[in-house]
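Peer 1: First the structure, which I've put down as structure tokens, then a few questions once you've had a look.
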Amino acid sequence: MKSSDLFSRAKTLMPGGVSSPVRAIKPYPFYVGRAAGSHLTTVDGEDLIDCCLGYGPLILGHAHPTIREAIERQLEKGWLYGTPTPLELDLAGVITGDHPAVDMVRFVSSGSEATMAAIRLARGYTGKQDIIKIEGGFHGAHDAVLVKAGSGATTLGVPDSAGVLADLVAHTRQAPYNDTEALEALLAKNDDVAAFILEPVMGNVGPVLPDDGYLADVREITAAHDVLLILDEVITGYRAGIGGAEVLYDVKPDLATFGKIIGGGLPIGAFGGRREIMELVAPAGPVYQAGTFSGNPASLAAGYAALRYLHEHPEIYRRLDEATRAIGEAAADAGKGTFVRMGSLFKHFFRSEPPRDYREVKECDTEAFSRFWKAMLEAGVFLPPSQFETNFLSAAHTDQDIEQIADAYGSCLFA
Ligand code: PLP
């Protein structure tokens, strides 16, 4: 069946025809039959260079042999036990070893679960009720953070979801990114703030990069107000480099959340932080958290293989950085919009200056983005279908892929 026919049927079976809103490309999404390395093959027989990569987890590309072997080895031994496994110690050991601020971790099944649990833990530890998040920051699709959220929520123009209790949202305050004065002002008039949660680099409307010193200032301000700092490293974890944004920007959070790359492409999430705080998590302490699929062996095996591979091949990060620089150079002369990148994250914003916060991102010309996106797809490059989602590169992108992406960028921006 072709994509158009599949989508017609999907709409009768699933709301909007999809399992996650951003996938509902108009007039219908393409359906993928298989993927390998940096390429997707659609059921319609098209071959596309993938710069979406499952929205970030696949830093080594699709069906990477090392990860596939790890999953296959695990499948032979079963894939769900409902008991502790030695694999948990392996992955927890790597994550805590790479992140100086993370003494202990708890595995969950998604990034959303990780941020939900980290916020509960912050409230349990501090005894305070409110949280502050960044305007346009995305931390998953749970109630406390679905307020002025980025990602699909911004794309669809519904920053606040129906069904979220006003009473609950009243405990979620907003501060613009890169604005320490606004954060100070919020904290000066509110002594009931348990935590400030932020993506160190805004990935779900970006990348929007931190101003020099912003994250260090945030650390200082939150500490001065006895507010826990939660770094949401679901995107930046192992993408900003080994040790994520914590190490890259030298900022020590109280809690950190992870997902995406740490599962090697299978579902996962984790939250971690200072031992004294983490020891409040059940059964060690009174903050409840649990999950049937938490720490499932297949995800742990895939994630451990991915992180080991990254440790063994640190040159990947330099190569990816050079690749996005090359794409940026192709975009530079177009005179339309501005190119922003950080390592393997990149994006062309249809506005004259790199945005510094959500309000500036929202000024982008989304119609120009749509035309550009369609032209890129016709040129054989799949970018995430929104001005408000970051593009990703993987180690599987060959020099030829990168040249093709750069050429397509150049010609589609000039079109
Ligand atoms: N936090 C950030 C920074 C994310 O980018 C995402 C997902 O894109 C999440 C949390 C939620 O993760 P998941 O989709 O695995 O629930």
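Chains: A, B, ... in order of the structure tokens. Residues: from 1 per chain. Ligands: from 1, in order shown.
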As an mmCIF file with C-alpha atoms, in the first residue's frame, please: the residues near His311 in chain A (cut-off 12 Å, only C-alpha atoms, same-chain neighbours under 3 positions excluded).
Peer 2:
```cif
data_model
loop_
_atom_site.group_PDB
_atom_site.id
_atom_site.type_symbol
_atom_site.label_atom_id
_atom_site.label_comp_id
_atom_site.auth_asym_id
_atom_site.auth_seq_id
_atom_site.Cartn_x
_atom_site.Cartn_y
_atom_site.Cartn_z
ATOM 1 C CA VAL A 94 28.615 4.745 32.405
ATOM 2 C CA ILE A 95 26.113 7.568 32.961
ATOM 3 C CA GLY A 97 30.907 8.063 35.382
ATOM 4 C CA ASP A 98 30.380 10.587 32.591
ATOM 5 C CA TYR A 238 25.698 12.359 24.627
ATOM 6 C CA GLY A 241 29.494 15.287 23.816
ATOM 7 C CA ILE A 242 30.336 12.708 26.472
ATOM 8 C CA GLY A 243 29.010 14.250 29.681
ATOM 9 C CA TYR A 304 25.083 0.483 26.711
ATOM 10 C CA ALA A 305 26.355 -0.577 23.276
ATOM 11 C CA ALA A 306 25.748 2.952 21.920
ATOM 12 C CA LEU A 307 27.495 4.720 24.796
ATOM 13 C CA ARG A 308 30.437 2.319 24.706
ATOM 14 C CA PRO A 314 35.194 10.196 20.445
ATOM 15 C CA GLU A 315 36.279 11.545 17.053
ATOM 16 C CA ILE A 316 32.632 11.218 16.012
ATOM 17 C CA TYR A 317 31.839 14.474 17.801
#
```
Peer 1: Find the residues around Gly263 in chain A up to 10 Å (only C-alpha atoms counted), leave out those fewer than 4 positions away in its own chain, and share them as an mmCIF file with all heavy atoms, in the first residue's frame.
Peer 2:
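After the write, result_36.cif holds the following:
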```cif
data_model
loop_
_atom_site.group_PDB
_atom_site.id
_atom_site.type_symbol
_atom_site.label_atom_id
_atom_site.label_comp_id
_atom_site.auth_asym_id
_atom_site.auth_seq_id
_atom_site.Cartn_x
_atom_site.Cartn_y
_atom_site.Cartn_z
ATOM 1 N N PRO A 57 17.610 10.273 18.877
ATOM 2 C CA PRO A 57 18.329 9.172 19.533
ATOM 3 C C PRO A 57 19.433 8.535 18.689
ATOM 4 O O PRO A 57 20.406 8.032 19.235
ATOM 5 C CB PRO A 57 17.224 8.140 19.790
ATOM 6 C CG PRO A 57 15.958 8.927 19.823
ATOM 7 C CD PRO A 57 16.161 10.064 18.854
ATOM 8 N N LEU A 58 19.272 8.562 17.334
ATOM 9 C CA LEU A 58 20.132 7.728 16.490
ATOM 10 C C LEU A 58 21.424 8.432 16.104
ATOM 11 O O LEU A 58 21.710 8.635 14.924
ATOM 12 C CB LEU A 58 19.343 7.303 15.244
ATOM 13 C CG LEU A 58 18.050 6.526 15.548
ATOM 14 C CD1 LEU A 58 17.218 6.350 14.288
ATOM 15 C CD2 LEU A 58 18.363 5.166 16.172
ATOM 16 N N ILE A 67 24.992 -1.897 17.661
ATOM 17 C CA ILE A 67 23.782 -1.861 18.495
ATOM 18 C C ILE A 67 22.872 -3.036 18.136
ATOM 19 O O ILE A 67 22.299 -3.689 19.016
ATOM 20 C CB ILE A 67 23.054 -0.515 18.334
ATOM 21 C CG1 ILE A 67 23.983 0.630 18.749
ATOM 22 C CG2 ILE A 67 21.779 -0.490 19.182
ATOM 23 C CD1 ILE A 67 23.384 1.997 18.666
ATOM 24 N N LEU A 91 24.891 0.309 32.519
ATOM 25 C CA LEU A 91 24.503 1.610 31.962
ATOM 26 C C LEU A 91 24.555 2.702 33.033
ATOM 27 O O LEU A 91 25.024 3.814 32.773
ATOM 28 C CB LEU A 91 23.107 1.523 31.325
ATOM 29 C CG LEU A 91 22.735 2.709 30.444
ATOM 30 C CD1 LEU A 91 23.727 2.906 29.301
ATOM 31 C CD2 LEU A 91 21.319 2.542 29.856
ATOM 32 N N SER A 109 11.063 4.799 31.149
ATOM 33 C CA SER A 109 10.886 4.367 29.758
ATOM 34 C C SER A 109 10.824 5.490 28.733
ATOM 35 O O SER A 109 10.732 5.226 27.539
ATOM 36 C CB SER A 109 9.611 3.519 29.642
ATOM 37 O OG SER A 109 9.755 2.367 30.431
ATOM 38 N N SER A 110 10.832 6.743 29.186
ATOM 39 C CA SER A 110 10.814 7.858 28.224
ATOM 40 C C SER A 110 11.361 9.102 28.904
ATOM 41 O O SER A 110 11.438 9.183 30.144
ATOM 42 C CB SER A 110 9.387 8.137 27.732
ATOM 43 O OG SER A 110 8.621 8.654 28.794
ATOM 44 N N PHE A 258 17.540 12.314 31.296
ATOM 45 C CA PHE A 258 18.126 11.762 30.072
ATOM 46 C C PHE A 258 17.074 10.951 29.311
ATOM 47 O O PHE A 258 16.042 10.576 29.864
ATOM 48 C CB PHE A 258 19.301 10.834 30.407
ATOM 49 C CG PHE A 258 20.385 11.483 31.216
ATOM 50 C CD1 PHE A 258 20.386 11.394 32.604
ATOM 51 C CD2 PHE A 258 21.391 12.210 30.591
ATOM 52 C CE1 PHE A 258 21.381 12.003 33.359
ATOM 53 C CE2 PHE A 258 22.393 12.823 31.338
ATOM 54 C CZ PHE A 258 22.388 12.717 32.720
ATOM 55 N N GLY A 259 17.370 10.660 28.066
ATOM 56 C CA GLY A 259 16.505 9.821 27.227
ATOM 57 C C GLY A 259 17.216 9.635 25.904
ATOM 58 O O GLY A 259 18.431 9.674 25.816
ATOM 59 N N PRO A 267 13.165 2.577 23.446
ATOM 60 C CA PRO A 267 12.580 3.506 24.424
ATOM 61 C C PRO A 267 13.317 3.492 25.759
ATOM 62 O O PRO A 267 13.598 2.414 26.305
ATOM 63 C CB PRO A 267 11.154 2.969 24.622
ATOM 64 C CG PRO A 267 10.892 2.095 23.460
ATOM 65 C CD PRO A 267 12.227 1.556 23.009
ATOM 66 N N ILE A 268 13.605 4.692 26.251
ATOM 67 C CA ILE A 268 14.284 4.799 27.554
ATOM 68 C C ILE A 268 14.166 6.221 28.093
ATOM 69 O O ILE A 268 13.891 7.160 27.354
ATOM 70 C CB ILE A 268 15.779 4.406 27.439
ATOM 71 C CG1 ILE A 268 16.338 3.981 28.810
ATOM 72 C CG2 ILE A 268 16.610 5.570 26.883
ATOM 73 C CD1 ILE A 268 17.628 3.206 28.765
ATOM 74 N N GLY A 269 14.384 6.360 29.354
ATOM 75 C CA GLY A 269 14.571 7.648 30.007
ATOM 76 C C GLY A 269 15.330 7.364 31.283
ATOM 77 O O GLY A 269 15.450 6.196 31.709
ATOM 78 N N ALA A 270 15.864 8.399 31.890
ATOM 79 C CA ALA A 270 16.529 8.227 33.195
ATOM 80 C C ALA A 270 16.564 9.576 33.870
ATOM 81 O O ALA A 270 16.602 10.615 33.200
ATOM 82 C CB ALA A 270 17.953 7.692 33.025
ATOM 83 N N GLY A 295 13.924 0.162 32.936
ATOM 84 C CA GLY A 295 15.155 -0.632 32.900
ATOM 85 C C GLY A 295 14.982 -1.899 32.086
ATOM 86 O O GLY A 295 15.572 -2.934 32.406
ATOM 87 N N ALA A 298 16.274 -4.876 26.787
ATOM 88 C CA ALA A 298 16.624 -4.578 25.389
ATOM 89 C C ALA A 298 17.125 -3.131 25.272
ATOM 90 O O ALA A 298 18.145 -2.862 24.611
ATOM 91 C CB ALA A 298 15.422 -4.810 24.487
ATOM 92 N N SER A 299 16.422 -2.185 25.912
ATOM 93 C CA SER A 299 16.848 -0.776 25.848
ATOM 94 C C SER A 299 18.205 -0.587 26.526
ATOM 95 O O SER A 299 19.062 0.158 26.038
ATOM 96 C CB SER A 299 15.824 0.140 26.528
ATOM 97 O OG SER A 299 14.588 0.076 25.863
ATOM 98 N N LEU A 300 18.371 -1.266 27.650
ATOM 99 C CA LEU A 300 19.654 -1.115 28.367
ATOM 100 C C LEU A 300 20.809 -1.663 27.528
ATOM 101 O O LEU A 300 21.877 -1.046 27.453
ATOM 102 C CB LEU A 300 19.606 -1.854 29.707
ATOM 103 C CG LEU A 300 18.620 -1.326 30.747
ATOM 104 C CD1 LEU A 300 18.599 -2.243 31.958
ATOM 105 C CD2 LEU A 300 18.960 0.094 31.175
ATOM 106 N N ALA A 301 20.575 -2.801 26.886
ATOM 107 C CA ALA A 301 21.640 -3.406 26.073
ATOM 108 C C ALA A 301 21.976 -2.496 24.896
ATOM 109 O O ALA A 301 23.152 -2.257 24.579
ATOM 110 C CB ALA A 301 21.210 -4.783 25.583
ATOM 111 N N ALA A 302 20.926 -1.953 24.247
ATOM 112 C CA ALA A 302 21.150 -1.073 23.093
ATOM 113 C C ALA A 302 21.863 0.206 23.547
ATOM 114 O O ALA A 302 22.810 0.680 22.901
ATOM 115 C CB ALA A 302 19.818 -0.733 22.433
ATOM 116 N N GLY A 303 21.403 0.760 24.659
ATOM 117 C CA GLY A 303 21.993 2.012 25.151
ATOM 118 C C GLY A 303 23.437 1.834 25.568
ATOM 119 O O GLY A 303 24.302 2.671 25.251
ATOM 120 N N TYR A 304 23.705 0.729 26.250
ATOM 121 C CA TYR A 304 25.083 0.483 26.711
ATOM 122 C C TYR A 304 26.018 0.322 25.510
ATOM 123 O O TYR A 304 27.121 0.878 25.482
ATOM 124 C CB TYR A 304 25.103 -0.760 27.600
ATOM 125 C CG TYR A 304 26.439 -1.077 28.209
ATOM 126 C CD1 TYR A 304 27.113 -0.130 28.979
ATOM 127 C CD2 TYR A 304 27.033 -2.327 28.019
ATOM 128 C CE1 TYR A 304 28.359 -0.427 29.546
ATOM 129 C CE2 TYR A 304 28.262 -2.628 28.586
ATOM 130 C CZ TYR A 304 28.924 -1.672 29.342
ATOM 131 O OH TYR A 304 30.147 -1.963 29.898
ATOM 132 N N ALA A 305 25.529 -0.398 24.485
ATOM 133 C CA ALA A 305 26.355 -0.577 23.276
ATOM 134 C C ALA A 305 26.619 0.780 22.621
ATOM 135 O O ALA A 305 27.737 1.062 22.176
ATOM 136 C CB ALA A 305 25.657 -1.520 22.303
ATOM 137 N N ALA A 306 25.583 1.634 22.563
ATOM 138 C CA ALA A 306 25.748 2.952 21.920
ATOM 139 C C ALA A 306 26.754 3.813 22.690
ATOM 140 O O ALA A 306 27.657 4.412 22.101
ATOM 141 C CB ALA A 306 24.399 3.667 21.842
ATOM 142 N N LEU A 307 26.607 3.845 24.010
ATOM 143 C CA LEU A 307 27.495 4.720 24.796
ATOM 144 C C LEU A 307 28.930 4.196 24.775
ATOM 145 O O LEU A 307 29.884 4.981 24.711
ATOM 146 C CB LEU A 307 27.001 4.856 26.247
ATOM 147 C CG LEU A 307 25.599 5.442 26.428
ATOM 148 C CD1 LEU A 307 25.397 5.892 27.874
ATOM 149 C CD2 LEU A 307 25.297 6.587 25.489
#
```
Peer 1: From the list A:Gly124, A:Gly337, A:Gly410, A:Pro176, which residue is nearest Val281 in chain A when using only C-alpha atoms?
Peer 2: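 Looking only at the distances to Val281 in chain A, the closest residue turns out to be A:Gly124.
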Peer 1: Could you list, as a list in words, all the residues within 7 Å of ligand 1, counting only C-alpha atoms and all ligand atoms?
Peer 2: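 Checked against 7 Å with only C-alpha atoms and all ligand atoms; the hits are Tyr55, Ser110, Gly111, Ser112, Glu113, Thr115, Phe138, His139, Gly140, Ala141, Glu199, Gly203, Asn204, Asp232, Glu233, Val234, Ile235, Gly259, Lys260, Ile268 and Gly269 of chain A.
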Peer 1: Could those residues be written to a file, using N, CA, C and O atoms, as a tab-separated table (two decimals), in the first residue's frame?
Peer 2:
```
chain	number	residue	atom	x	y	z
A	55	TYR	N	14.05	11.90	15.83
A	55	TYR	CA	14.11	13.07	16.72
A	55	TYR	C	15.26	12.96	17.72
A	55	TYR	O	15.13	13.30	18.89
A	110	SER	N	10.83	6.74	29.19
A	110	SER	CA	10.81	7.86	28.22
A	110	SER	C	11.36	9.10	28.90
A	110	SER	O	11.44	9.18	30.14
A	111	GLY	N	11.68	10.08	28.07
A	111	GLY	CA	12.14	11.36	28.60
A	111	GLY	C	11.03	12.05	29.39
A	111	GLY	O	11.29	12.72	30.39
A	112	SER	N	9.79	11.89	28.95
A	112	SER	CA	8.66	12.51	29.66
A	112	SER	C	8.57	11.97	31.09
A	112	SER	O	8.38	12.74	32.04
A	113	GLU	N	8.68	10.66	31.20
A	113	GLU	CA	8.63	10.06	32.54
A	113	GLU	C	9.78	10.57	33.41
A	113	GLU	O	9.62	10.76	34.61
A	115	THR	N	11.33	13.53	33.29
A	115	THR	CA	11.14	14.89	33.80
A	115	THR	C	9.99	14.93	34.81
A	115	THR	O	10.04	15.66	35.78
A	138	PHE	N	10.67	22.37	26.15
A	138	PHE	CA	9.85	21.15	26.06
A	138	PHE	C	10.47	20.08	26.92
A	138	PHE	O	11.67	19.80	26.84
A	139	HIS	N	9.63	19.48	27.75
A	139	HIS	CA	10.14	18.44	28.64
A	139	HIS	C	9.25	17.19	28.59
A	139	HIS	O	9.22	16.41	29.52
A	140	GLY	N	8.51	17.04	27.48
A	140	GLY	CA	7.62	15.90	27.35
A	140	GLY	C	6.17	16.35	27.45
A	140	GLY	O	5.88	17.53	27.62
A	141	ALA	N	5.28	15.36	27.36
A	141	ALA	CA	3.87	15.69	27.22
A	141	ALA	C	3.08	15.41	28.49
A	141	ALA	O	1.98	14.87	28.45
A	199	GLU	N	16.16	23.03	29.35
A	199	GLU	CA	17.05	22.40	28.39
A	199	GLU	C	18.27	23.31	28.30
A	199	GLU	O	18.11	24.50	27.99
A	203	GLY	N	16.34	22.73	22.49
A	203	GLY	CA	16.39	21.82	21.35
A	203	GLY	C	15.06	21.68	20.64
A	203	GLY	O	15.02	21.28	19.49
A	204	ASN	N	13.99	22.03	21.32
A	204	ASN	CA	12.68	21.76	20.74
A	204	ASN	C	12.08	22.96	20.03
A	204	ASN	O	10.99	22.86	19.47
A	232	ASP	N	17.58	19.38	31.78
A	232	ASP	CA	16.95	18.36	30.94
A	232	ASP	C	17.89	18.07	29.78
A	232	ASP	O	17.96	18.80	28.80
A	233	GLU	N	18.59	16.95	29.91
A	233	GLU	CA	19.60	16.57	28.90
A	233	GLU	C	19.06	15.48	27.97
A	233	GLU	O	19.83	14.68	27.43
A	234	VAL	N	17.74	15.44	27.81
A	234	VAL	CA	17.17	14.39	26.94
A	234	VAL	C	17.72	14.51	25.52
A	234	VAL	O	18.04	13.50	24.88
A	235	ILE	N	17.88	15.74	25.04
A	235	ILE	CA	18.52	15.91	23.72
A	235	ILE	C	20.04	16.04	23.85
A	235	ILE	O	20.81	15.39	23.13
A	259	GLY	N	17.37	10.66	28.07
A	259	GLY	CA	16.50	9.82	27.23
A	259	GLY	C	17.22	9.63	25.90
A	259	GLY	O	18.43	9.67	25.82
A	260	LYS	N	16.46	9.45	24.85
A	260	LYS	CA	16.97	9.40	23.48
A	260	LYS	C	18.25	8.57	23.32
A	260	LYS	O	18.20	7.36	23.35
A	268	ILE	N	13.61	4.69	26.25
A	268	ILE	CA	14.28	4.80	27.55
A	268	ILE	C	14.17	6.22	28.09
A	268	ILE	O	13.89	7.16	27.35
A	269	GLY	N	14.38	6.36	29.35
A	269	GLY	CA	14.57	7.65	30.01
A	269	GLY	C	15.33	7.36	31.28
A	269	GLY	O	15.45	6.20	31.71
```
Peer 1: Assign secondary structure with DSSP using the backbone only, and return the residues of range 136-339 of chain A in strand (DSSP E) as a list in words.
Peer 2: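 Assigned to strand (DSSP E), within range 136-339 of chain A: Thr172, Arg173, Gln174, Ala175, Val193, Ala194, Ala195, Phe196, Ile197, Leu198, Leu228, Leu229, Ile230, Leu231, Asp232, Leu255, Ala256, Thr257, Phe258, Gly259, Gly269, Ala270, Phe271, Gly272, Gly273, Thr338 and Phe339 of chain A.
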Peer 1: As a ChimeraX atom specification, please: the residues near range 214-218 of chain A (cut-off 7 Å, only C-alpha atoms, same-chain neighbours under 5 positions excluded).
Peer 2: /A:178,180,251
Peer 1: Take the residues just selected and output them with C-alpha atoms as a short mmCIF file (atom, residue, chain, number, x, y, z; two decimals), in the first residue's frame.
Peer 2:
```
data_model
loop_
_atom_site.label_atom_id
_atom_site.label_comp_id
_atom_site.auth_asym_id
_atom_site.auth_seq_id
_atom_site.Cartn_x
_atom_site.Cartn_y
_atom_site.Cartn_z
CA ASN A 178 18.83 33.71 28.30
CA THR A 180 18.65 35.92 34.24
CA VAL A 251 27.41 23.54 35.01
#
```
Peer 1: Write out as a list in words which residues come within 10 Å of Thr41 in chain A when counting only C-alpha atoms, dropping same-chain ones fewer than 6 positions away.
Peer 2: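 Result of the neighbour search: Phe30, Tyr31, Val32, Gly33, Arg34, Ala35, Asp47, Leu48, Ile49 and Asp50 of chain A.
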Peer 1: Could those selected residues go to a file with C-alpha atoms, as a CSV table (one decimal), in the first residue's frame?
Peer 2:
```csv
chain,number,residue,atom,x,y,z
A,30,PHE,CA,5.4,9.4,4.0
A,31,TYR,CA,5.5,5.9,5.5
A,32,VAL,CA,8.9,4.3,6.0
A,33,GLY,CA,9.5,0.6,5.1
A,34,ARG,CA,13.1,0.4,6.3
A,35,ALA,CA,16.1,2.4,7.3
A,47,ASP,CA,15.3,7.1,-0.7
A,48,LEU,CA,15.8,10.0,1.7
A,49,ILE,CA,18.8,11.2,3.7
A,50,ASP,CA,17.5,11.4,7.2
```
Peer 1: Would you mind telling me which residue in A:Tyr358, A:Tyr409, A:Phe271, A:Trp373 lies nearest to Ala326 in chain A when using only C-alpha atoms?
Peer 2: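 Of A:Tyr358, A:Tyr409, A:Phe271, A:Trp373, the one nearest Ala326 in chain A is A:Tyr409, counting only C-alpha atoms.
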Peer 1: Mind checking which residues fall within 8 Å of range 128-130 of chain A, counting only C-alpha atoms, ignoring those fewer than 6 positions away in the same chain, and posting them as a PyMOL selection string?
Peer 2: chain A and resi 171-173+192-195
Peer 1: Can you tell me, as a list of chain:residue names, what residues are no more than 10 Å from Gln387 in chain A when counting only C-alpha atoms, ignoring any on the same chain fewer than 2 positions away?
Peer 2: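 Result of the neighbour search: A:Ser151, A:Thr154, A:Thr155, A:Asn204, A:Val205, A:Gly206, A:Lys347, A:His348, A:Phe349, A:Phe350, A:Val361, A:Lys362, A:Cys364, A:Asp365, A:Thr366, A:Glu367, A:Ala368, A:Phe369, A:Ser370, A:Trp373, A:Leu383, A:Pro384, A:Pro385, A:Glu389, A:Thr390, A:Asn391.
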Peer 1: Can I get the selection written as a PDB file, in the first residue's frame, with N, CA and C atoms?
Peer 2:
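Result file result30.pdb:
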```pdb
ATOM      1  N   SER A 151       8.354  22.089  20.620  1.00  0.00           N
ATOM      2  CA  SER A 151       8.095  20.872  19.861  1.00  0.00           C
ATOM      3  C   SER A 151       6.745  20.943  19.156  1.00  0.00           C
ATOM      4  N   THR A 154       4.191  23.781  19.840  1.00  0.00           N
ATOM      5  CA  THR A 154       4.372  25.080  19.192  1.00  0.00           C
ATOM      6  C   THR A 154       3.978  24.996  17.730  1.00  0.00           C
ATOM      7  N   THR A 155       4.366  23.900  17.067  1.00  0.00           N
ATOM      8  CA  THR A 155       4.049  23.735  15.652  1.00  0.00           C
ATOM      9  C   THR A 155       2.556  23.838  15.420  1.00  0.00           C
ATOM     10  N   ASN A 204      13.993  22.032  21.324  1.00  0.00           N
ATOM     11  CA  ASN A 204      12.682  21.765  20.737  1.00  0.00           C
ATOM     12  C   ASN A 204      12.078  22.960  20.028  1.00  0.00           C
ATOM     13  N   VAL A 205      12.760  24.075  20.032  1.00  0.00           N
ATOM     14  CA  VAL A 205      12.426  25.195  19.150  1.00  0.00           C
ATOM     15  C   VAL A 205      13.716  25.652  18.482  1.00  0.00           C
ATOM     16  N   GLY A 206      14.744  24.831  18.546  1.00  0.00           N
ATOM     17  CA  GLY A 206      16.042  25.348  18.208  1.00  0.00           C
ATOM     18  C   GLY A 206      16.859  24.501  17.275  1.00  0.00           C
ATOM     19  N   LYS A 347      20.034  24.131  12.408  1.00  0.00           N
ATOM     20  CA  LYS A 347      18.723  24.611  11.988  1.00  0.00           C
ATOM     21  C   LYS A 347      18.876  25.897  11.219  1.00  0.00           C
ATOM     22  N   HIS A 348      18.021  26.103  10.236  1.00  0.00           N
ATOM     23  CA  HIS A 348      17.958  27.395   9.551  1.00  0.00           C
ATOM     24  C   HIS A 348      16.712  28.109  10.030  1.00  0.00           C
ATOM     25  N   PHE A 349      16.912  29.275  10.632  1.00  0.00           N
ATOM     26  CA  PHE A 349      15.784  30.062  11.133  1.00  0.00           C
ATOM     27  C   PHE A 349      15.448  31.142  10.118  1.00  0.00           C
ATOM     28  N   PHE A 350      14.179  31.249   9.789  1.00  0.00           N
ATOM     29  CA  PHE A 350      13.785  32.282   8.828  1.00  0.00           C
ATOM     30  C   PHE A 350      13.504  33.593   9.558  1.00  0.00           C
ATOM     31  N   VAL A 361      12.119  33.085  18.385  1.00  0.00           N
ATOM     32  CA  VAL A 361      11.895  31.945  17.480  1.00  0.00           C
ATOM     33  C   VAL A 361      10.529  32.088  16.807  1.00  0.00           C
ATOM     34  N   LYS A 362       9.539  32.525  17.594  1.00  0.00           N
ATOM     35  CA  LYS A 362       8.183  32.620  17.046  1.00  0.00           C
ATOM     36  C   LYS A 362       8.046  33.697  15.975  1.00  0.00           C
ATOM     37  N   CYS A 364       9.865  33.796  13.424  1.00  0.00           N
ATOM     38  CA  CYS A 364      10.331  33.240  12.149  1.00  0.00           C
ATOM     39  C   CYS A 364       9.183  33.147  11.142  1.00  0.00           C
ATOM     40  N   ASP A 365       9.566  33.251   9.879  1.00  0.00           N
ATOM     41  CA  ASP A 365       8.593  33.154   8.793  1.00  0.00           C
ATOM     42  C   ASP A 365       8.329  31.670   8.530  1.00  0.00           C
ATOM     43  N   THR A 366       7.236  31.169   9.089  1.00  0.00           N
ATOM     44  CA  THR A 366       6.988  29.727   9.003  1.00  0.00           C
ATOM     45  C   THR A 366       6.571  29.312   7.586  1.00  0.00           C
ATOM     46  N   GLU A 367       6.008  30.254   6.829  1.00  0.00           N
ATOM     47  CA  GLU A 367       5.654  29.886   5.438  1.00  0.00           C
ATOM     48  C   GLU A 367       6.918  29.684   4.606  1.00  0.00           C
ATOM     49  N   ALA A 368       7.905  30.563   4.827  1.00  0.00           N
ATOM     50  CA  ALA A 368       9.191  30.392   4.120  1.00  0.00           C
ATOM     51  C   ALA A 368       9.811  29.062   4.538  1.00  0.00           C
ATOM     52  N   PHE A 369       9.694  28.737   5.837  1.00  0.00           N
ATOM     53  CA  PHE A 369      10.230  27.449   6.285  1.00  0.00           C
ATOM     54  C   PHE A 369       9.543  26.303   5.559  1.00  0.00           C
ATOM     55  N   SER A 370       8.210  26.357   5.436  1.00  0.00           N
ATOM     56  CA  SER A 370       7.466  25.266   4.781  1.00  0.00           C
ATOM     57  C   SER A 370       7.916  25.070   3.347  1.00  0.00           C
ATOM     58  N   TRP A 373      11.314  23.503   3.461  1.00  0.00           N
ATOM     59  CA  TRP A 373      11.238  22.101   3.892  1.00  0.00           C
ATOM     60  C   TRP A 373      10.811  21.200   2.738  1.00  0.00           C
ATOM     61  N   LEU A 383      14.112  16.656   6.637  1.00  0.00           N
ATOM     62  CA  LEU A 383      14.344  17.441   7.854  1.00  0.00           C
ATOM     63  C   LEU A 383      13.088  17.313   8.719  1.00  0.00           C
ATOM     64  N   PRO A 384      13.198  17.426  10.038  1.00  0.00           N
ATOM     65  CA  PRO A 384      11.986  17.446  10.858  1.00  0.00           C
ATOM     66  C   PRO A 384      11.040  18.520  10.307  1.00  0.00           C
ATOM     67  N   PRO A 385       9.747  18.178  10.207  1.00  0.00           N
ATOM     68  CA  PRO A 385       8.833  19.012   9.435  1.00  0.00           C
ATOM     69  C   PRO A 385       8.315  20.232  10.184  1.00  0.00           C
ATOM     70  N   GLU A 389      11.588  22.498  15.317  1.00  0.00           N
ATOM     71  CA  GLU A 389      12.262  21.252  15.731  1.00  0.00           C
ATOM     72  C   GLU A 389      13.689  21.331  15.207  1.00  0.00           C
ATOM     73  N   THR A 390      14.630  20.845  15.970  1.00  0.00           N
ATOM     74  CA  THR A 390      16.016  20.903  15.516  1.00  0.00           C
ATOM     75  C   THR A 390      16.310  19.770  14.521  1.00  0.00           C
ATOM     76  N   ASN A 391      17.297  19.978  13.659  1.00  0.00           N
ATOM     77  CA  ASN A 391      17.773  18.917  12.759  1.00  0.00           C
ATOM     78  C   ASN A 391      18.952  18.206  13.426  1.00  0.00           C
TER      79      ASN A 391
END
```
Peer 1: Identify, with DSSP run on backbone atoms, the residues in range 4-36 of chain A assigned to alpha helix (DSSP H), and express the list as a list of chain:residue names.
Peer 2: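 Residues of range 4-36 of chain A classed as alpha helix (DSSP H): A:Ser4, A:Asp5, A:Leu6, A:Phe7, A:Ser8, A:Arg9, A:Ala10, A:Lys11, A:Thr12, A:Leu13.
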